[in-house]
Amino acid sequence: MIHDTRFQRLTERLVEGAPLWRCLPFQEPDPPWRARWPGLAEALLALDDEALARLQADPFADSPLAAWLPVAALAELVALPDLSRPAPLPEAWAEGIAERKRRQLEAFVPQVPASPDEAPVDLVEWCAGKGHLARALAQRHGIEVTALEWDPALCAAGGALAEGQGAAVRFRVQDVMAEEAGRWLHAGSRAVALHACGDLHRRLLTLAAEAGSEVVLAPCCYQRTADERYRPLSARGRDLAAAAGLALTRDDLTLAVQETVTAPRGVQRHRERASAWRLGFDRLQRRVRGVDDYLPVPSLAYGRMPARFAEFCRWAAAQKGLALPEVVDWAGLEAEGWRRHREVARLELVRHLYRRPLEVWLALDRLAFLEEAGYAVEFGTFCARSLTPRNLLLRARKR
């Protein structure tokens, strides 16, 4: 009942705040919500860099937005039980694992019990990659773990690591979206997935519910789905969304996973520069086209960004078939991009307030689906946000 009340109230808050969190300051220099919430934009734009950084790290703590928006109510709705009980992994198990991933495993592995009531259990890692989680579970519990991964190269690499460490892991080349993927799940299995994306973890939940398998899941990347519009998994989610008029697009779902507190400072600087340059180009393209609308430009992988702003603009213009003027005040335009970047960062704080509420709403939809299938479900966080913002955990067992 507690979860259902939270689910219902979050639905109401998301609908109420939709004009705020659906607005994209990056694309809309003058947010449409300014007229409805007078003074809000001005208060945000007046924030200094220290206040900005603090609110980016924790949008609910001592927020000046509380004068306009339901900050306290949203904070209460996303306050979840802390289930964390980290246990260090021995150095011998950590070969080939990046430090942050290792710490996430140390937080997640203790969430996976070896067996229910001393009865044997088949552990299955879903979307295993190189099977870092499967190896840690096999060695900690002293049992064999099945690792499902569609990429044969990752299976081979993971198999070599497991063999070298003496870990009892069976790798199986398996596309989990394929029709036969459910054969690995049954009433005596426990499926585990650390940050399985979108449709991959939806598929796990669907097949697990059909088979009666237990599930330990940290969901991720809800927007990685084939559907243009979000289809709630649970009947309760569908009913709530229909009654409140909450319709989510795939683009809407990206809000839930935009937090990047774990990015190294070098990556953050790259993102800031990319943002400023894109906003500078946005100013340029509006003038060149004579159309005051945002023009999306393809993304560039890390390390492929041109060295200078002018080169980036020429590349972006070529992507969109635009002919640029022979004379452009590149320095002035770049400065305008950085000014817009600072402005956007402050206006985005409004969206940040609704980021975690949307993520928790999506997780509650998965929880409700499992409960409707006859499961008892634990729901909370398995680690601190500083380790990974995707720290929600669902642990489900058939009643």
# chains A, B, ... in the order shown; residues from 1 in each chain; ligands from 1
>>> residues_around(residues="Val15 of chain A", least_positions_apart="2", cutoff="12 Å", atoms="only C-alpha atoms", output="NGL selection string")
:A and (8-13 or 17-22 or 240-248 or 354 or 357-358 or 361)
>>> residues_around(residues="segment 183-189 of chain A", least_positions_apart="3", cutoff="7 Å", atoms="only C-alpha atoms", output="mmCIF file with C-alpha atoms, in the first residue's frame")
data_model
loop_
_atom_site.group_PDB
_atom_site.id
_atom_site.type_symbol
_atom_site.label_atom_id
_atom_site.label_comp_id
_atom_site.auth_asym_id
_atom_site.auth_seq_id
_atom_site.Cartn_x
_atom_site.Cartn_y
_atom_site.Cartn_z
ATOM 1 C CA VAL A 121 19.229 -22.126 -6.626
ATOM 2 C CA ASP A 122 20.384 -21.518 -10.198
ATOM 3 C CA LEU A 123 21.990 -18.093 -10.490
ATOM 4 C CA GLU A 180 13.965 -18.982 -26.585
ATOM 5 C CA ALA A 208 10.871 -14.174 -14.985
ATOM 6 C CA ALA A 211 8.669 -18.752 -15.114
ATOM 7 C CA GLY A 212 8.391 -17.842 -11.424
ATOM 8 C CA SER A 213 12.090 -17.005 -11.232
ATOM 9 C CA GLU A 214 13.403 -14.719 -8.518
#
>>> residues_around(residues="Ala178 of chain A", least_positions_apart="3", cutoff="10 Å", atoms="only C-alpha atoms", output="JSON, numbers by chain")
{"A": [150, 174, 175, 181, 182, 203]}
>>> select_by_dssp(residues="segment 343-396 of chain A", states="strand (DSSP E)", output="list in words")
Tyr375, Ala376, Val377, Glu378, Phe379, Gly380, Thr381, Leu392, Leu393, Leu394, Arg395 and Ala396 of chain A
>>> select_by_dssp(residues="segment 232-310 of chain A", states="helix (DSSP H, G or I)", output="ChimeraX atom specification")
/A:235-244,250-257,265-289,309-310
>>> residues_around(residues="Pro306 of chain A", least_positions_apart="5", cutoff="12 Å", atoms="only C-alpha atoms", output="list in words")
His270, Arg273, Ala274, Trp277, Leu300, Ala301, Glu311, Phe312, Cys313, Arg314, Trp315 and Ala316 of chain A
>>> write_last_selection(atoms="C-alpha atoms", output="PDB file, in the first residue's frame")
ATOM      1  CA  HIS A 270      34.432  18.116 -22.512  1.00  0.00           C
ATOM      2  CA  ARG A 273      32.598  22.770 -24.031  1.00  0.00           C
ATOM      3  CA  ALA A 274      30.441  20.661 -26.343  1.00  0.00           C
ATOM      4  CA  TRP A 277      29.804  25.193 -28.797  1.00  0.00           C
ATOM      5  CA  LEU A 300      30.274  13.468 -31.747  1.00  0.00           C
ATOM      6  CA  ALA A 301      31.981  10.704 -29.790  1.00  0.00           C
ATOM      7  CA  GLU A 311      35.897  24.141 -37.089  1.00  0.00           C
ATOM      8  CA  PHE A 312      33.030  22.678 -35.088  1.00  0.00           C
ATOM      9  CA  CYS A 313      30.568  25.159 -36.603  1.00  0.00           C
ATOM     10  CA  ARG A 314      31.758  24.375 -40.131  1.00  0.00           C
ATOM     11  CA  TRP A 315      31.363  20.668 -39.422  1.00  0.00           C
ATOM     12  CA  ALA A 316      27.878  21.163 -37.963  1.00  0.00           C
TER      13      ALA A 316
END
>>> closest_residue(among="A:Arg36, A:Ala94, A:Pro64, A:Glu210", to="Ala51 of chain A", atoms="only C-alpha atoms")
A:Pro64
>>> closest_residue(among="A:Glu106, A:Asp58, A:Glu91, A:Asp49", to="Cys383 of chain A", atoms="only C-alpha atoms")
A:Glu106
>>> decode(residues="segment 161-195 of chain A", atoms="N, CA and C atoms", output="PDB file, in the first residue's frame")
ATOM      1  N   LEU A 161      38.692 -15.045 -18.278  1.00  0.00           N
ATOM      2  CA  LEU A 161      38.854 -14.472 -16.943  1.00  0.00           C
ATOM      3  C   LEU A 161      38.369 -15.446 -15.870  1.00  0.00           C
ATOM      4  N   ALA A 162      37.207 -16.054 -16.106  1.00  0.00           N
ATOM      5  CA  ALA A 162      36.650 -16.990 -15.135  1.00  0.00           C
ATOM      6  C   ALA A 162      37.567 -18.195 -14.949  1.00  0.00           C
ATOM      7  N   GLU A 163      38.092 -18.722 -16.041  1.00  0.00           N
ATOM      8  CA  GLU A 163      38.978 -19.880 -15.958  1.00  0.00           C
ATOM      9  C   GLU A 163      40.261 -19.528 -15.204  1.00  0.00           C
ATOM     10  N   GLY A 164      40.792 -18.340 -15.488  1.00  0.00           N
ATOM     11  CA  GLY A 164      42.022 -17.921 -14.822  1.00  0.00           C
ATOM     12  C   GLY A 164      41.846 -17.742 -13.332  1.00  0.00           C
ATOM     13  N   GLN A 165      40.632 -17.392 -12.903  1.00  0.00           N
ATOM     14  CA  GLN A 165      40.360 -17.175 -11.481  1.00  0.00           C
ATOM     15  C   GLN A 165      39.733 -18.398 -10.812  1.00  0.00           C
ATOM     16  N   GLY A 166      39.491 -19.436 -11.576  1.00  0.00           N
ATOM     17  CA  GLY A 166      38.872 -20.629 -11.006  1.00  0.00           C
ATOM     18  C   GLY A 166      37.425 -20.413 -10.613  1.00  0.00           C
ATOM     19  N   ALA A 167      36.736 -19.506 -11.321  1.00  0.00           N
ATOM     20  CA  ALA A 167      35.335 -19.207 -11.023  1.00  0.00           C
ATOM     21  C   ALA A 167      34.428 -20.093 -11.866  1.00  0.00           C
ATOM     22  N   ALA A 168      33.433 -20.677 -11.231  1.00  0.00           N
ATOM     23  CA  ALA A 168      32.519 -21.592 -11.929  1.00  0.00           C
ATOM     24  C   ALA A 168      31.434 -20.796 -12.650  1.00  0.00           C
ATOM     25  N   VAL A 169      31.786 -20.293 -13.818  1.00  0.00           N
ATOM     26  CA  VAL A 169      30.840 -19.514 -14.622  1.00  0.00           C
ATOM     27  C   VAL A 169      30.676 -20.184 -15.979  1.00  0.00           C
ATOM     28  N   ARG A 170      29.443 -20.479 -16.356  1.00  0.00           N
ATOM     29  CA  ARG A 170      29.144 -21.016 -17.685  1.00  0.00           C
ATOM     30  C   ARG A 170      28.638 -19.875 -18.556  1.00  0.00           C
ATOM     31  N   PHE A 171      29.398 -19.522 -19.576  1.00  0.00           N
ATOM     32  CA  PHE A 171      28.944 -18.486 -20.514  1.00  0.00           C
ATOM     33  C   PHE A 171      28.110 -19.130 -21.612  1.00  0.00           C
ATOM     34  N   ARG A 172      26.994 -18.468 -21.914  1.00  0.00           N
ATOM     35  CA  ARG A 172      26.120 -18.935 -22.975  1.00  0.00           C
ATOM     36  C   ARG A 172      25.822 -17.770 -23.916  1.00  0.00           C
ATOM     37  N   VAL A 173      26.105 -17.967 -25.192  1.00  0.00           N
ATOM     38  CA  VAL A 173      25.792 -16.942 -26.188  1.00  0.00           C
ATOM     39  C   VAL A 173      24.278 -16.935 -26.363  1.00  0.00           C
ATOM     40  N   GLN A 174      23.663 -15.846 -25.897  1.00  0.00           N
ATOM     41  CA  GLN A 174      22.201 -15.791 -25.896  1.00  0.00           C
ATOM     42  C   GLN A 174      21.732 -14.355 -26.091  1.00  0.00           C
ATOM     43  N   ASP A 175      20.953 -14.143 -27.131  1.00  0.00           N
ATOM     44  CA  ASP A 175      20.240 -12.880 -27.303  1.00  0.00           C
ATOM     45  C   ASP A 175      19.016 -12.947 -26.405  1.00  0.00           C
ATOM     46  N   VAL A 176      18.987 -12.116 -25.361  1.00  0.00           N
ATOM     47  CA  VAL A 176      17.894 -12.228 -24.391  1.00  0.00           C
ATOM     48  C   VAL A 176      16.566 -11.755 -24.960  1.00  0.00           C
ATOM     49  N   MET A 177      16.595 -11.084 -26.114  1.00  0.00           N
ATOM     50  CA  MET A 177      15.356 -10.678 -26.754  1.00  0.00           C
ATOM     51  C   MET A 177      14.790 -11.778 -27.647  1.00  0.00           C
ATOM     52  N   ALA A 178      15.557 -12.845 -27.837  1.00  0.00           N
ATOM     53  CA  ALA A 178      15.112 -13.938 -28.699  1.00  0.00           C
ATOM     54  C   ALA A 178      14.014 -14.752 -28.010  1.00  0.00           C
ATOM     55  N   GLU A 179      13.241 -15.456 -28.823  1.00  0.00           N
ATOM     56  CA  GLU A 179      12.069 -16.180 -28.321  1.00  0.00           C
ATOM     57  C   GLU A 179      12.448 -17.229 -27.291  1.00  0.00           C
ATOM     58  N   GLU A 180      13.613 -17.870 -27.462  1.00  0.00           N
ATOM     59  CA  GLU A 180      13.965 -18.982 -26.585  1.00  0.00           C
ATOM     60  C   GLU A 180      14.695 -18.557 -25.308  1.00  0.00           C
ATOM     61  N   ALA A 181      14.835 -17.258 -25.077  1.00  0.00           N
ATOM     62  CA  ALA A 181      15.627 -16.801 -23.934  1.00  0.00           C
ATOM     63  C   ALA A 181      15.048 -17.245 -22.596  1.00  0.00           C
ATOM     64  N   GLY A 182      13.746 -17.473 -22.540  1.00  0.00           N
ATOM     65  CA  GLY A 182      13.122 -17.856 -21.288  1.00  0.00           C
ATOM     66  C   GLY A 182      13.517 -19.235 -20.797  1.00  0.00           C
ATOM     67  N   ARG A 183      14.199 -20.031 -21.620  1.00  0.00           N
ATOM     68  CA  ARG A 183      14.551 -21.397 -21.200  1.00  0.00           C
ATOM     69  C   ARG A 183      15.526 -21.414 -20.029  1.00  0.00           C
ATOM     70  N   TRP A 184      16.207 -20.284 -19.787  1.00  0.00           N
ATOM     71  CA  TRP A 184      17.185 -20.248 -18.706  1.00  0.00           C
ATOM     72  C   TRP A 184      16.544 -19.925 -17.360  1.00  0.00           C
ATOM     73  N   LEU A 185      15.264 -19.582 -17.356  1.00  0.00           N
ATOM     74  CA  LEU A 185      14.600 -19.167 -16.132  1.00  0.00           C
ATOM     75  C   LEU A 185      13.540 -20.185 -15.733  1.00  0.00           C
ATOM     76  N   HIS A 186      13.434 -20.447 -14.435  1.00  0.00           N
ATOM     77  CA  HIS A 186      12.433 -21.384 -13.909  1.00  0.00           C
ATOM     78  C   HIS A 186      12.192 -21.052 -12.444  1.00  0.00           C
ATOM     79  N   ALA A 187      11.320 -21.803 -11.803  1.00  0.00           N
ATOM     80  CA  ALA A 187      10.933 -21.483 -10.428  1.00  0.00           C
ATOM     81  C   ALA A 187      12.091 -21.619  -9.440  1.00  0.00           C
ATOM     82  N   GLY A 188      13.140 -22.328  -9.808  1.00  0.00           N
ATOM     83  CA  GLY A 188      14.292 -22.484  -8.920  1.00  0.00           C
ATOM     84  C   GLY A 188      15.466 -21.626  -9.307  1.00  0.00           C
ATOM     85  N   SER A 189      15.251 -20.626 -10.156  1.00  0.00           N
ATOM     86  CA  SER A 189      16.359 -19.778 -10.595  1.00  0.00           C
ATOM     87  C   SER A 189      16.254 -18.392  -9.960  1.00  0.00           C
ATOM     88  N   ARG A 190      17.391 -17.732  -9.914  1.00  0.00           N
ATOM     89  CA  ARG A 190      17.427 -16.331  -9.476  1.00  0.00           C
ATOM     90  C   ARG A 190      18.181 -15.553 -10.551  1.00  0.00           C
ATOM     91  N   ALA A 191      17.476 -14.669 -11.245  1.00  0.00           N
ATOM     92  CA  ALA A 191      18.082 -13.871 -12.313  1.00  0.00           C
ATOM     93  C   ALA A 191      18.583 -12.560 -11.730  1.00  0.00           C
ATOM     94  N   VAL A 192      19.808 -12.206 -12.079  1.00  0.00           N
ATOM     95  CA  VAL A 192      20.408 -10.979 -11.557  1.00  0.00           C
ATOM     96  C   VAL A 192      20.858 -10.116 -12.730  1.00  0.00           C
ATOM     97  N   ALA A 193      20.707  -8.801 -12.583  1.00  0.00           N
ATOM     98  CA  ALA A 193      21.121  -7.881 -13.643  1.00  0.00           C
ATOM     99  C   ALA A 193      21.506  -6.550 -13.009  1.00  0.00           C
ATOM    100  N   LEU A 194      22.733  -6.158 -13.241  1.00  0.00           N
ATOM    101  CA  LEU A 194      23.228  -4.867 -12.762  1.00  0.00           C
ATOM    102  C   LEU A 194      23.282  -3.918 -13.945  1.00  0.00           C
ATOM    103  N   HIS A 195      22.332  -2.995 -13.999  1.00  0.00           N
ATOM    104  CA  HIS A 195      22.257  -1.958 -15.034  1.00  0.00           C
ATOM    105  C   HIS A 195      21.974  -2.534 -16.416  1.00  0.00           C
TER     106      HIS A 195
END
